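entry.cif, holding mmCIF, C-alpha atoms:
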data_query
#
loop_
_atom_site.label_atom_id
_atom_site.label_comp_id
_atom_site.auth_asym_id
_atom_site.auth_seq_id
_atom_site.Cartn_x
_atom_site.Cartn_y
_atom_site.Cartn_z
CA MET U 1 -7.17 50.54 -36.41
CA SER U 2 -5.57 49.71 -33.07
CA ALA U 3 -7.27 50.97 -29.92
CA LEU U 4 -6.69 54.64 -29.25
CA PRO U 5 -5.54 55.83 -25.82
CA LEU U 6 -8.50 56.68 -23.62
CA ILE U 7 -9.18 60.41 -23.22
CA GLN U 8 -8.63 61.59 -19.66
CA GLY U 9 -11.67 63.51 -18.48
CA GLY U 10 -12.21 65.65 -15.42
CA GLY U 11 -10.35 68.72 -16.66
CA SER U 12 -11.43 72.13 -17.92
CA LEU U 13 -11.69 73.25 -21.54
CA LEU U 14 -8.77 75.64 -21.96
CA LEU U 15 -9.53 78.46 -24.37
CA ALA U 16 -8.20 81.86 -25.36
CA TRP U 17 -11.48 83.77 -25.06
CA ARG U 18 -11.61 86.92 -27.20
CA ILE U 19 -13.66 89.44 -25.22
CA ALA U 20 -12.30 92.71 -26.59
CA ASN U 21 -14.91 95.48 -26.35
CA LYS U 22 -17.52 93.11 -24.92
CA LYS U 23 -19.41 93.97 -21.73
CA VAL U 24 -18.11 92.12 -18.68
CA LEU U 25 -19.65 92.80 -15.28
CA ILE U 26 -17.70 92.82 -12.01
CA VAL U 27 -19.75 93.06 -8.82
CA GLY U 28 -17.59 94.28 -5.94
CA GLY U 29 -14.67 96.63 -5.44
CA GLY U 30 -12.16 94.87 -3.17
CA ASN U 31 -8.92 92.99 -3.78
CA VAL U 32 -10.47 90.26 -5.91
CA ALA U 33 -12.24 92.84 -8.08
CA ALA U 34 -8.94 94.70 -8.56
CA GLN U 35 -7.26 91.48 -9.71
CA ARG U 36 -10.10 90.75 -12.11
CA ILE U 37 -9.82 94.21 -13.66
CA VAL U 38 -6.18 93.53 -14.51
CA SER U 39 -6.99 90.14 -16.07
CA LEU U 40 -9.89 91.51 -18.11
CA LYS U 41 -8.09 94.62 -19.36
CA CYS U 42 -5.28 92.42 -20.67
CA ALA U 43 -7.99 91.14 -23.03
CA ASP U 44 -9.41 94.65 -23.71
CA ALA U 45 -12.81 93.87 -22.20
CA ALA U 46 -15.35 96.67 -21.68
CA ILE U 47 -15.67 96.41 -17.90
CA THR U 48 -18.72 97.54 -15.96
CA LEU U 49 -18.08 97.61 -12.22
CA VAL U 50 -20.97 97.77 -9.77
CA CYS U 51 -19.98 98.76 -6.25
CA PRO U 52 -20.85 101.59 -3.83
CA HIS U 53 -17.98 104.05 -3.45
CA GLN U 54 -17.36 103.02 0.15
CA GLY U 55 -16.59 99.48 -1.02
CA LEU U 56 -13.74 100.49 -3.35
CA ILE U 57 -10.17 99.81 -2.27
CA PRO U 58 -7.54 102.33 -3.46
CA GLU U 59 -6.35 100.14 -6.35
CA THR U 60 -9.85 99.64 -7.73
CA ARG U 61 -10.57 103.36 -7.41
CA ALA U 62 -7.31 104.13 -9.23
CA ARG U 63 -8.25 101.79 -12.08
CA ILE U 64 -11.54 103.65 -12.43
CA GLU U 65 -9.82 107.05 -12.39
CA GLN U 66 -7.31 105.87 -15.03
CA GLY U 67 -10.17 104.96 -17.36
CA GLU U 68 -9.52 101.21 -17.20
CA VAL U 69 -13.14 100.59 -16.21
CA ALA U 70 -15.62 101.46 -18.97
CA ALA U 71 -18.47 102.14 -16.54
CA TRP U 72 -18.61 102.39 -12.75
CA VAL U 73 -22.05 102.15 -11.11
CA ASP U 74 -21.95 103.62 -7.60
CA ARG U 75 -24.56 101.41 -5.93
CA VAL U 76 -25.29 97.81 -5.01
CA PHE U 77 -26.11 95.23 -7.67
CA GLN U 78 -29.50 95.21 -9.36
CA ASP U 79 -30.78 92.33 -11.46
CA SER U 80 -31.00 94.57 -14.54
CA ASP U 81 -27.20 94.98 -14.44
CA LEU U 82 -26.92 91.63 -16.23
CA GLU U 83 -28.35 93.03 -19.44
CA ASP U 84 -26.02 92.53 -22.46
CA CYS U 85 -23.25 90.95 -20.35
CA VAL U 86 -21.16 88.18 -21.88
CA MET U 87 -19.49 87.33 -18.57
CA VAL U 88 -20.09 88.11 -14.89
CA LEU U 89 -17.66 88.02 -11.96
CA THR U 90 -18.82 88.41 -8.38
CA ALA U 91 -16.29 89.56 -5.80
CA LEU U 92 -18.46 90.20 -2.75
CA ASP U 93 -18.10 89.51 0.96
CA ASP U 94 -21.86 88.85 0.99
CA HIS U 95 -21.94 85.09 0.30
CA GLU U 96 -25.70 84.87 -0.11
CA GLU U 97 -25.85 87.73 -2.59
CA SER U 98 -22.96 86.23 -4.57
CA LEU U 99 -24.84 82.94 -4.83
CA ARG U 100 -28.05 84.73 -5.83
CA ILE U 101 -26.22 86.56 -8.64
CA GLY U 102 -24.63 83.29 -9.71
CA HIS U 103 -28.01 81.58 -10.00
CA LEU U 104 -29.41 84.55 -11.93
CA CYS U 105 -26.56 84.21 -14.43
CA ARG U 106 -27.09 80.49 -14.77
CA ALA U 107 -30.78 81.07 -15.46
CA GLN U 108 -29.84 83.50 -18.26
CA ASN U 109 -26.99 81.36 -19.64
CA ILE U 110 -24.37 83.98 -18.77
CA PRO U 111 -20.97 82.49 -17.83
CA VAL U 112 -20.26 83.40 -14.21
CA ASN U 113 -17.43 83.19 -11.72
CA VAL U 114 -18.49 83.42 -8.08
CA ALA U 115 -15.37 84.11 -6.03
CA ASP U 116 -14.45 81.33 -3.57
CA VAL U 117 -17.41 79.14 -4.60
CA PRO U 118 -15.98 76.62 -7.14
CA PRO U 119 -19.32 74.85 -7.82
CA MET U 120 -20.73 78.20 -8.97
CA CYS U 121 -17.85 78.96 -11.33
CA ASP U 122 -18.31 78.24 -15.03
CA PHE U 123 -14.64 79.14 -15.49
CA TYR U 124 -11.51 79.77 -13.41
CA PHE U 125 -8.77 82.35 -13.67
CA MET U 126 -5.45 80.64 -14.25
CA SER U 127 -1.95 81.56 -13.12
CA GLN U 128 -0.64 83.51 -16.10
CA HIS U 129 2.69 84.62 -17.55
CA ARG U 130 2.55 87.47 -20.08
CA ASP U 131 5.30 88.68 -22.40
CA GLY U 132 3.88 90.71 -25.26
CA PRO U 133 1.84 88.36 -27.49
CA LEU U 134 2.84 85.35 -25.39
CA GLN U 135 0.41 84.16 -22.72
CA ILE U 136 1.06 81.00 -20.72
CA ALA U 137 -1.65 79.88 -18.33
CA VAL U 138 -1.50 77.07 -15.76
CA SER U 139 -4.54 75.53 -14.11
CA THR U 140 -4.83 73.01 -11.28
CA ASN U 141 -8.63 73.12 -11.66
CA GLY U 142 -8.99 74.78 -8.28
CA GLN U 143 -7.01 72.16 -6.38
CA GLY U 144 -3.70 73.96 -5.90
CA PRO U 145 -3.59 77.66 -6.81
CA LYS U 146 -0.18 78.13 -5.16
CA LEU U 147 1.20 75.16 -7.07
CA ALA U 148 -0.12 76.66 -10.31
CA ASN U 149 1.78 79.85 -9.49
CA MET U 150 4.99 77.91 -8.81
CA ILE U 151 4.69 75.89 -12.02
CA ARG U 152 4.01 79.03 -14.04
CA THR U 153 7.12 80.68 -12.57
CA ASP U 154 9.31 77.70 -13.45
CA LEU U 155 7.96 77.62 -17.00
CA ALA U 156 8.57 81.34 -17.47
CA ASN U 157 12.13 81.07 -16.15
CA ALA U 158 12.87 78.28 -18.65
CA LEU U 159 12.03 80.47 -21.66
CA PRO U 160 14.65 82.40 -23.65
CA SER U 161 14.82 86.06 -22.72
CA ARG U 162 12.61 88.44 -24.71
CA ILE U 163 10.63 85.54 -26.13
CA GLY U 164 7.64 87.85 -26.60
CA GLU U 165 9.64 89.96 -29.04
CA THR U 166 10.74 86.80 -30.84
CA ILE U 167 7.11 85.78 -31.28
CA ARG U 168 6.29 89.23 -32.62
CA LYS U 169 9.08 88.85 -35.19
CA MET U 170 7.69 85.46 -36.24
CA GLY U 171 4.31 87.12 -36.68
CA LEU U 172 5.95 89.61 -39.02
CA LEU U 173 7.49 86.72 -40.96
CA ARG U 174 4.08 85.08 -41.35
CA ALA U 175 2.74 88.39 -42.68
CA LYS U 176 5.65 88.58 -45.14
CA VAL U 177 4.93 85.08 -46.40
CA ARG U 178 1.30 86.07 -47.00
CA GLU U 179 2.61 88.97 -49.11
CA TRP U 180 4.87 86.61 -51.06
CA GLU U 181 2.06 84.08 -51.65
CA PRO U 182 -1.32 85.84 -51.14
CA ALA U 183 -3.56 83.22 -52.77
CA VAL U 184 -6.09 81.79 -50.33
CA ASP U 185 -5.66 78.28 -51.69
CA GLN U 186 -1.96 78.41 -50.77
CA SER U 187 -2.56 78.84 -47.03
CA SER U 188 -1.56 75.25 -46.18
CA ARG U 189 1.67 75.62 -48.13
CA ARG U 190 2.49 78.91 -46.41
CA MET U 191 1.75 77.48 -42.99
CA GLY U 192 3.80 74.37 -43.66
CA TRP U 193 6.83 76.42 -44.71
CA VAL U 194 6.70 78.60 -41.59
CA ILE U 195 6.30 75.50 -39.39
CA ARG U 196 9.38 73.90 -40.98
CA CYS U 197 11.35 77.10 -40.37
CA CYS U 198 10.37 77.13 -36.69
CA GLU U 199 11.29 73.47 -36.24
CA ALA U 200 14.63 73.89 -38.02
CA TRP U 201 15.69 77.02 -36.14
CA GLY U 202 14.44 76.33 -32.62
CA LEU U 203 13.73 78.94 -29.96
CA GLU U 204 17.34 79.91 -29.30
CA THR U 205 18.08 80.62 -32.97
CA MET U 206 14.84 82.53 -33.46
CA ALA U 207 15.65 84.60 -30.37
CA GLN U 208 18.72 85.97 -32.20
CA TRP U 209 16.33 87.95 -34.41
CA ASN U 210 15.81 90.32 -31.50
CA ASP U 211 19.34 91.68 -31.94
CA LEU U 212 19.14 92.37 -35.68
CA THR U 213 19.23 95.95 -36.95
CA PRO U 214 16.47 97.07 -39.35
CA SER U 215 18.84 96.72 -42.34
CA GLU U 216 19.86 93.24 -41.17
CA GLU U 217 16.21 92.26 -40.89
CA GLU U 218 15.53 93.40 -44.44
CA ALA U 219 18.52 91.41 -45.67
CA MET U 220 17.24 88.36 -43.79
CA TYR U 221 13.79 88.70 -45.36
CA SER U 222 15.41 88.92 -48.79
CA VAL U 223 17.30 85.67 -48.19
CA LEU U 224 14.19 83.97 -46.84
CA TYR U 225 12.15 85.15 -49.83
CA ASP U 226 14.63 83.55 -52.21
CA TYR U 227 14.58 80.37 -50.15
CA TYR U 228 10.78 80.35 -50.08
CA GLN U 229 10.53 80.71 -53.85
CA CYS U 230 13.19 78.05 -54.38
CA ASN U 231 11.44 75.70 -51.96
CA GLN U 232 8.04 76.23 -53.55
CA ASN U 233 9.46 75.53 -56.99
CA HIS U 234 11.16 72.38 -55.69
CA ALA U 235 14.45 73.72 -56.97
CA CYS U 236 16.27 73.33 -53.65
#

Starting from the coordinates I provided, produce the structure as structure tokens.
Amino acid sequence: MSALPLIQGGGSLLLAWRIANKKVLIVGGGNVAAQRIVSLKCADAAITLVCPHQGLIPETRARIEQGEVAAWVDRVFQDSDLEDCVMVLTALDDHEESLRIGHLCRAQNIPVNVADVPPMCDFYFMSQHRDGPLQIAVSTNGQGPKLANMIRTDLANALPSRIGETIRKMGLLRAKVREWEPAVDQSSRRMGWVIRCCEAWGLETMAQWNDLTPSEEEAMYSVLYDYYQCNQNHAC
């Protein structure tokens, strides 16, 4: 085998972390905390926020009142607050306390993000574009947050309109194919067929699905079913 290209290190491991209904702790109630609440609720996290009432800005207080925070603890942080947490975010003006909390998390192997202290962050929050099921995240690994925002904006503007709805429709097609061919041992064949459809149609063609009426969608599925069966039987 010829030499493979060398892997470029120095980056972050980019993951889609599923934290729905898991306890995530935010310490603080200011602007950074408000931003973190939005990011975490997009992933349906069970947020516990620890902050005295006088430290809450109006947006954070509104999030609590709207039920977007699972538990609000009206006091300063206590070490026992870390119990059962899968992730901790500090958003405090008190630099020394933020560092202390960060070290406590490290000692207990809890992933932590200490605001404005990159060496004490096990993960970063990326510049994100959201359209339904679609999430696009851009990271500069802490070197250029504004650039990440600009890149994310350009990427989002380059996408077809209503691309999130298009993706939802493709999800429905995948579900249909599983109905047509439910056997577990046929998963590779199902996946391969859907991949070939995506490659043949392209984003612009798939986006036309958004304008179909329910009866037109059913007719389309009927045609695709016939094509799937024909393709699987190598008859076309």

- Message: Just want the 12 Å neighbourhood of Ser80 (chain U), counted on all atoms listed in the file, with same-chain residues fewer than 4 positions away dropped. Output as an MDAnalysis selection string.
- Response: chainID U and resid 25 50 76 84:85 101 104:105 108

- Item | Selection under test: the PyMOL selection byres ((chain U and resi 137-140) around 9); residues as an NGL selection string | :U and (11-12 or 14 or 124-130 or 135-136 or 141-145 or 147-149 or 151-152)

What do you get, as a compact mmCIF listing (two decimals) with C-alpha atoms, keeping the file's coordinate frame, if you spell out every residue that the PyMOL selection byres ((chain U and resi 18) around 9) selects here?
# COMPACT_ATOMS: atom_id res chain seq x y z
CA ALA U 16 -8.20 81.86 -25.36
CA TRP U 17 -11.48 83.77 -25.06
CA ILE U 19 -13.66 89.44 -25.22
CA ALA U 20 -12.30 92.71 -26.59
CA LYS U 22 -17.52 93.11 -24.92
CA ALA U 43 -7.99 91.14 -23.03
CA ASP U 44 -9.41 94.65 -23.71
CA ALA U 45 -12.81 93.87 -22.20

Test item: residues at most 8 Å from Ala46 (chain U), only C-alpha atoms, excluding those fewer than 3 positions along its chain, as a PDB file with C-alpha atoms, in the frame of the given file:
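out_24.pdb was written with the following content:
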ATOM      1  CA  ALA U  20     -12.300  92.710 -26.590  1.00  0.00           C
ATOM      2  CA  ASN U  21     -14.910  95.480 -26.350  1.00  0.00           C
ATOM      3  CA  LYS U  22     -17.520  93.110 -24.920  1.00  0.00           C
ATOM      4  CA  LYS U  23     -19.410  93.970 -21.730  1.00  0.00           C
ATOM      5  CA  VAL U  24     -18.110  92.120 -18.680  1.00  0.00           C
ATOM      6  CA  LYS U  41      -8.090  94.620 -19.360  1.00  0.00           C
ATOM      7  CA  VAL U  69     -13.140 100.590 -16.210  1.00  0.00           C
ATOM      8  CA  ALA U  70     -15.620 101.460 -18.970  1.00  0.00           C
TER       9      ALA U  70
END

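Going from CA of Glu165 (chain U) over to CA of Glu204 (chain U), you cover 12.7 Å.
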
For the structure provided, state which residues fall under the PyMOL selection byres ((chain U and resi 89) around 7), and present them as an mmCIF file with C-alpha atoms, in the coordinates of the input.
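See part15.cif below for the written result:
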data_model
loop_
_atom_site.group_PDB
_atom_site.id
_atom_site.type_symbol
_atom_site.label_atom_id
_atom_site.label_comp_id
_atom_site.auth_asym_id
_atom_site.auth_seq_id
_atom_site.Cartn_x
_atom_site.Cartn_y
_atom_site.Cartn_z
ATOM 1 C CA LEU U 25 -19.650 92.800 -15.280
ATOM 2 C CA ILE U 26 -17.700 92.820 -12.010
ATOM 3 C CA VAL U 27 -19.750 93.060 -8.820
ATOM 4 C CA MET U 87 -19.490 87.330 -18.570
ATOM 5 C CA VAL U 88 -20.090 88.110 -14.890
ATOM 6 C CA THR U 90 -18.820 88.410 -8.380
ATOM 7 C CA ALA U 91 -16.290 89.560 -5.800
ATOM 8 C CA VAL U 112 -20.260 83.400 -14.210
ATOM 9 C CA ASN U 113 -17.430 83.190 -11.720
ATOM 10 C CA VAL U 114 -18.490 83.420 -8.080
#

- Message: I need the residue nearest Asp116 (chain U) from this list: U:Ile7, U:Val32, U:Leu173, U:Ile57. Use only C-alpha atoms for the distance.
- Response: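 Checking each candidate against Asp116 (chain U), we get U:Val32 as the closest.
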
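Between Leu134 (chain U) and the candidates U:Asp211, U:Ser2, U:Gly55, U:Ala156, the tightest atom-to-atom separation, counting only C-alpha atoms, involves U:Ala156.
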
- Could you tell me how far CA of Leu159 (chain U) lies from CA of Arg190 (chain U), in Å and to one decimal?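 Taking CA of Leu159 (chain U) as the start and CA of Arg190 (chain U) as the end point, the length is 26.6 Å.
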
- Query: So how many Å separate CA of Phe123 (chain U) and CA of Asp79 (chain U), to one decimal?
  - Reply: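 One can read the CA of Phe123 (chain U) to CA of Asp79 (chain U) distance as 21.2 Å.
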
- Message: Can you tell me which residues surround Asp74 (chain U) at a distance of at most 7 Å, considering all atoms listed in the file, apart from same-chain residues fewer than 3 positions away, and format the answer as a PyMOL selection string?
- Response: chain U and resi 50-53

- Nearest residue to Ala207 (chain U) from the set U:Met170, U:Val184, U:Val38, U:Ala3 (distances using all atoms listed in the file):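 The answer is U:Met170, which sits nearest to Ala207 (chain U).
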
- Note on the structure: One residue among U:Ile64, U:Val86, U:Ala34, U:Val117 is nearest to Leu99 (chain U) when using all atoms listed in the file, and that residue is U:Val117

- Which residue of U:Ala200, U:Ile167, U:Phe77, U:Leu224 approaches Arg100 (chain U) most closely, using all atoms listed in the file: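 Residue with the minimum atom-to-atom distance to Arg100 (chain U): U:Phe77.
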
Within 12 Å of Gly67 (chain U) using only C-alpha atoms, minus same-chain residues under 6 positions, as an mmCIF file with C-alpha atoms, keeping the file's coordinate frame:
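After the write, selection_36.cif holds the following:
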data_model
loop_
_atom_site.group_PDB
_atom_site.id
_atom_site.type_symbol
_atom_site.label_atom_id
_atom_site.label_comp_id
_atom_site.auth_asym_id
_atom_site.auth_seq_id
_atom_site.Cartn_x
_atom_site.Cartn_y
_atom_site.Cartn_z
ATOM 1 C CA ILE U 37 -9.820 94.210 -13.660
ATOM 2 C CA LYS U 41 -8.090 94.620 -19.360
ATOM 3 C CA ALA U 46 -15.350 96.670 -21.680
ATOM 4 C CA ILE U 47 -15.670 96.410 -17.900
ATOM 5 C CA THR U 48 -18.720 97.540 -15.960
ATOM 6 C CA LEU U 49 -18.080 97.610 -12.220
ATOM 7 C CA THR U 60 -9.850 99.640 -7.730
ATOM 8 C CA ARG U 61 -10.570 103.360 -7.410
#

- Note on the structure: Using only C-alpha atoms, the shortest atom-to-atom distance to Leu203 (chain U) among U:Pro160, U:Pro133, U:Gly28, U:Pro118 belongs to U:Pro160
